[in-house]
Amino acid sequence: MVIRAYQPFDAVPLAALFYQTVHTVNRRDYTEKQLDAWAPKDIDLRAWDRSLQVHHTLVAVEDGRAVGFGDIDGNTGYLDRLYVHKDHQGMGIATALCDRLEASAAGPLVTHASLTARSFFEKRGYRVLRAQQVERRGILLTNYHMEKTR
């Protein structure tokens with residue numbers, strides 16, 4: 001596996017990876033309406049690309065195919081996204097991405113972890129500051145505001 005910097009040509013495959021992962025891996029914790037609000041089929045690819053370019057974004061590639069990605073705002077320590085392809089779960093990809101992303105930021109780290117990802121972040125030393133309801137496309141989803149101090 002190679003971990004490299006995000007490039008604009010990654011936008012389409014990463015949007016597909018995001019959609020498939022959310023709708024498969026997170027199915028046990030969220031309803032179909034919540035999954036559709038969180039990861040819609042009609043994602044705005046220009047906005048998606050811009051948001052990934054603004055942050056420090058890394059892509060995990062195996063056999064020429066993206067198998068995971070994550071991004072962080074290096075100035076604030078906000079870990080925004082961390083997704084691994086549904087067929088590559090449990091292989092250390094999220095850990096490898098997270099290690100590199102966390103190392104690129106100064107100060108405390110913050111994330112808004114899904115119900116599904118909470119335990120992953122707790123094992124990495126993040127603590128829950130509060131559960132929260134976030135609205136996506138008029139639908140409420142529960143996630144956790146978490147922080148890791150170093």
# chains A, B, ... in the order shown; residues from 1 in each chain; ligands from 1

call {"tool": "residues_around", "arguments": {"residues": "Arg4 of chain A", "least_positions_apart": "5", "cutoff": "7 Å", "atoms": "only C-alpha atoms", "output": "list in words"}}
result
Leu58, Val59 and Ala60 of chain A

call {"tool": "write_last_selection", "arguments": {"atoms": "N, CA, C and O atoms", "output": "PDB file, in the first residue's frame"}}
result
ATOM      1  N   LEU A  58      -4.812  12.799   2.336  1.00  0.00           N
ATOM      2  CA  LEU A  58      -3.995  11.666   1.919  1.00  0.00           C
ATOM      3  C   LEU A  58      -4.882  10.566   1.358  1.00  0.00           C
ATOM      4  O   LEU A  58      -6.011  10.372   1.818  1.00  0.00           O
ATOM      5  N   VAL A  59      -4.327   9.835   0.379  1.00  0.00           N
ATOM      6  CA  VAL A  59      -5.044   8.741  -0.268  1.00  0.00           C
ATOM      7  C   VAL A  59      -4.198   7.479  -0.136  1.00  0.00           C
ATOM      8  O   VAL A  59      -3.002   7.496  -0.433  1.00  0.00           O
ATOM      9  N   ALA A  60      -4.830   6.397   0.322  1.00  0.00           N
ATOM     10  CA  ALA A  60      -4.175   5.090   0.380  1.00  0.00           C
ATOM     11  C   ALA A  60      -4.493   4.352  -0.914  1.00  0.00           C
ATOM     12  O   ALA A  60      -5.662   4.237  -1.292  1.00  0.00           O
TER      13      ALA A  60
END

call {"tool": "select_by_dssp", "arguments": {"residues": "chain A", "states": "strand (DSSP E)", "output": "VMD selection string"}}
result
chain A and resid 2 to 5 56 to 62 65 to 73 78 to 84 109 to 114 127 to 136 139 to 148

call {"tool": "residues_around", "arguments": {"residues": "Trp48 of chain A", "least_positions_apart": "6", "cutoff": "10 Å", "atoms": "only C-alpha atoms", "output": "list in words"}}
result
Pro8, Ala11, Val12, Leu14 and Ala15 of chain A

call {"tool": "residues_around", "arguments": {"residues": "Val128 of chain A", "least_positions_apart": "3", "cutoff": "10 Å", "atoms": "only C-alpha atoms", "output": "mmCIF file with N, CA, C and O atoms, in the first residue's frame"}}
result
data_model
loop_
_atom_site.group_PDB
_atom_site.id
_atom_site.type_symbol
_atom_site.label_atom_id
_atom_site.label_comp_id
_atom_site.auth_asym_id
_atom_site.auth_seq_id
_atom_site.Cartn_x
_atom_site.Cartn_y
_atom_site.Cartn_z
ATOM 1 N N VAL A 110 -9.096 17.113 16.929
ATOM 2 C CA VAL A 110 -10.543 17.066 17.117
ATOM 3 C C VAL A 110 -11.157 16.327 15.940
ATOM 4 O O VAL A 110 -10.695 16.462 14.802
ATOM 5 N N THR A 111 -12.198 15.545 16.202
ATOM 6 C CA THR A 111 -12.965 14.923 15.139
ATOM 7 C C THR A 111 -14.413 14.807 15.562
ATOM 8 O O THR A 111 -14.720 14.909 16.746
ATOM 9 N N HIS A 112 -15.279 14.626 14.591
ATOM 10 C CA HIS A 112 -16.686 14.330 14.832
ATOM 11 C C HIS A 112 -16.900 12.918 14.323
ATOM 12 O O HIS A 112 -17.095 12.704 13.129
ATOM 13 N N ALA A 113 -16.813 11.954 15.219
ATOM 14 C CA ALA A 113 -16.830 10.538 14.853
ATOM 15 C C ALA A 113 -18.247 9.996 14.808
ATOM 16 O O ALA A 113 -19.068 10.294 15.672
ATOM 17 N N ARG A 118 -16.581 5.558 16.513
ATOM 18 C CA ARG A 118 -16.241 5.990 17.871
ATOM 19 C C ARG A 118 -15.172 5.104 18.507
ATOM 20 O O ARG A 118 -14.178 5.604 19.049
ATOM 21 N N PHE A 121 -11.566 5.622 17.255
ATOM 22 C CA PHE A 121 -10.919 6.819 17.778
ATOM 23 C C PHE A 121 -10.614 6.701 19.266
ATOM 24 O O PHE A 121 -9.572 7.184 19.727
ATOM 25 N N GLU A 122 -11.479 6.053 20.016
ATOM 26 C CA GLU A 122 -11.196 5.855 21.451
ATOM 27 C C GLU A 122 -9.921 5.032 21.631
ATOM 28 O O GLU A 122 -9.101 5.351 22.503
ATOM 29 N N GLY A 125 -6.843 7.078 21.562
ATOM 30 C CA GLY A 125 -6.633 8.059 22.619
ATOM 31 C C GLY A 125 -7.555 9.266 22.576
ATOM 32 O O GLY A 125 -7.389 10.203 23.354
ATOM 33 N N ALA A 131 -21.882 13.868 22.862
ATOM 34 C CA ALA A 131 -22.664 13.357 21.736
ATOM 35 C C ALA A 131 -23.383 14.558 21.146
ATOM 36 O O ALA A 131 -23.731 15.504 21.864
ATOM 37 N N ASN A 143 -23.513 11.909 16.187
ATOM 38 C CA ASN A 143 -22.085 11.605 16.156
ATOM 39 C C ASN A 143 -21.463 12.124 17.440
ATOM 40 O O ASN A 143 -22.168 12.606 18.329
ATOM 41 N N TYR A 144 -20.155 11.984 17.563
ATOM 42 C CA TYR A 144 -19.457 12.344 18.790
ATOM 43 C C TYR A 144 -18.364 13.363 18.516
ATOM 44 O O TYR A 144 -17.517 13.139 17.651
ATOM 45 N N HIS A 145 -18.399 14.446 19.265
ATOM 46 C CA HIS A 145 -17.329 15.436 19.239
ATOM 47 C C HIS A 145 -16.233 14.856 20.128
ATOM 48 O O HIS A 145 -16.443 14.666 21.329
ATOM 49 N N MET A 146 -15.079 14.559 19.526
ATOM 50 C CA MET A 146 -13.995 13.898 20.265
ATOM 51 C C MET A 146 -12.720 14.703 20.154
ATOM 52 O O MET A 146 -12.513 15.427 19.179
ATOM 53 N N GLU A 147 -11.854 14.536 21.163
ATOM 54 C CA GLU A 147 -10.604 15.274 21.193
ATOM 55 C C GLU A 147 -9.477 14.369 21.680
ATOM 56 O O GLU A 147 -9.673 13.503 22.515
ATOM 57 N N LYS A 148 -8.300 14.634 21.122
ATOM 58 C CA LYS A 148 -7.084 13.935 21.565
ATOM 59 C C LYS A 148 -6.027 14.991 21.852
ATOM 60 O O LYS A 148 -5.699 15.793 20.985
#

call {"tool": "residues_around", "arguments": {"residues": "segment 28-44 of chain A", "least_positions_apart": "2", "cutoff": "8 Å", "atoms": "only C-alpha atoms", "output": "number ranges by chain"}}
result
A: 15, 18-19, 22-23, 25-26, 46-48, 115-116, 136-141

call {"tool": "atom_distance", "arguments": {"atom1": "atom CA of Phe9 of chain A", "atom2": "atom CA of Asp49 of chain A"}}
result
8.9 Å

call {"tool": "select_by_dssp", "arguments": {"residues": "segment 41-77 of chain A", "states": "alpha helix (DSSP H)", "output": "ChimeraX atom specification"}}
result
/A:45-54

call {"tool": "atom_distance", "arguments": {"atom1": "atom CA of Lys123 of chain A", "atom2": "atom CA of Lys86 of chain A"}}
result
20.4 Å

call {"tool": "residues_around", "arguments": {"residues": "Gly74 of chain A", "least_positions_apart": "3", "cutoff": "12 Å", "atoms": "only C-alpha atoms", "output": "ChimeraX atom specification"}}
result
/A:54-57,71,77-80,100-110

call {"tool": "residues_around", "arguments": {"residues": "Val67 of chain A", "least_positions_apart": "5", "cutoff": "12 Å", "atoms": "only C-alpha atoms", "output": "MDAnalysis selection string"}}
result
chainID A and resid 1:4 10 13:18 20:21 58:62 82:94 96:97

call {"tool": "atom_distance", "arguments": {"atom1": "atom CA of Asp99 of chain A", "atom2": "atom CA of Thr24 of chain A"}}
result
24.4 Å
